[in-house]
Amino acid sequence: MQQLLNRRASKLRWNRTHPDRMREYSRRWAKSHPEHFKKPTVRATAAKWRENNRERLRQNHINWRNAHPSAWRAIQRRSHEKNRVKIRERNRIYRQEHKIQQRDYGRAWRSLHPEFVRAAARRRRVRELRAEGFHTVKQWLLLCAKYGHHCAHCGELRKLTEDHIIPLSRGGSDFISNIQPLCLSCNQKKGTRVEKTQEVRSVRRS
Ligand SMILES: [Zn+2]
């Protein structure tokens, strides 16, 4: 033990008396061990911080989006515009690779959301007839709730369908103000009347 301490003391003495040699030695050691001296770059530090604070950044981002909806929409629009070709190609490849899954998924989704399927059909009709207006499925469901899910005509508690008070074919709009909930039989009765009116009009025109 004493021997070891003596050796160490003598080494330290040598170190002190040969500063130039020591400096040279350290320099050489440093050169062959760069990983001990490399300072992380600002970029690397930032990346590491982001990696460690992922959840926090995600939440910040969501908060910002919620606070600035129109700015966020503009950003999305711009980015979509910029990457339009890329996105289209990616979607095309995805569709091709997931043809069967997509078909099954679409079927399952449609059977679970018949109201959205009907809404899509209605919008198509609105487009075809060049009628104005728009309402959402949510607005329709709220309207049904307002009527206590009863038919607006016969007052029966039945499955309700959307009726355009002024038919689309007669210049009615698709705004919720022109919609009333009717049971299927009331809607069909009303529907025939409208058809008759159209017949009369077409006869008059000819
Ligand atoms: Zn009815």
# chains A, B, ... in the order shown; residues from 1 in each chain; ligands from 1

$ residues_near_ligand --ligand "ligand 1" --cutoff "7 Å" --atoms "only C-alpha atoms and all ligand atoms" --output "ChimeraX atom specification"
/A:151-156,182-186

$ residues_around --residues "Glu115 in chain A" --least-positions-apart "3" --cutoff "12 Å" --atoms "only C-alpha atoms" --output "number ranges by chain"
A: 109-112, 118-122, 136-141, 159-162

$ write_last_selection --atoms "C-alpha atoms" --output "PDB file, in the first residue's frame"
ATOM      1  CA  TRP A 109     -69.174   2.047 -42.036  1.00  0.00           C
ATOM      2  CA  ARG A 110     -72.158   2.641 -44.297  1.00  0.00           C
ATOM      3  CA  SER A 111     -74.284   0.045 -42.513  1.00  0.00           C
ATOM      4  CA  LEU A 112     -73.411   1.684 -39.180  1.00  0.00           C
ATOM      5  CA  ARG A 118     -78.850   9.287 -46.976  1.00  0.00           C
ATOM      6  CA  ALA A 119     -77.227  12.709 -46.490  1.00  0.00           C
ATOM      7  CA  ALA A 120     -74.789  11.970 -49.331  1.00  0.00           C
ATOM      8  CA  ALA A 121     -77.673  10.944 -51.608  1.00  0.00           C
ATOM      9  CA  ARG A 122     -79.588  14.095 -50.661  1.00  0.00           C
ATOM     10  CA  THR A 136     -75.597  18.716 -41.566  1.00  0.00           C
ATOM     11  CA  VAL A 137     -76.615  15.328 -40.208  1.00  0.00           C
ATOM     12  CA  LYS A 138     -76.258  16.815 -36.741  1.00  0.00           C
ATOM     13  CA  GLN A 139     -78.760  19.578 -37.548  1.00  0.00           C
ATOM     14  CA  TRP A 140     -81.208  16.952 -38.803  1.00  0.00           C
ATOM     15  CA  LEU A 141     -80.825  14.844 -35.646  1.00  0.00           C
ATOM     16  CA  LYS A 159     -89.018   6.287 -38.000  1.00  0.00           C
ATOM     17  CA  LEU A 160     -88.533   9.751 -39.482  1.00  0.00           C
ATOM     18  CA  THR A 161     -87.419  10.817 -42.929  1.00  0.00           C
ATOM     19  CA  GLU A 162     -86.314  14.242 -44.127  1.00  0.00           C
TER      20      GLU A 162
END

$ residues_around --residues "Gly133 in chain A" --least-positions-apart "2" --cutoff "12 Å" --atoms "only C-alpha atoms" --output "ChimeraX atom specification"
/A:122-123,125-127,129-131,135-136,164,168,171-179

$ atom_distance --atom1 "CA of Gln188 in chain A" --atom2 "CA of Arg158 in chain A"
13.9 Å
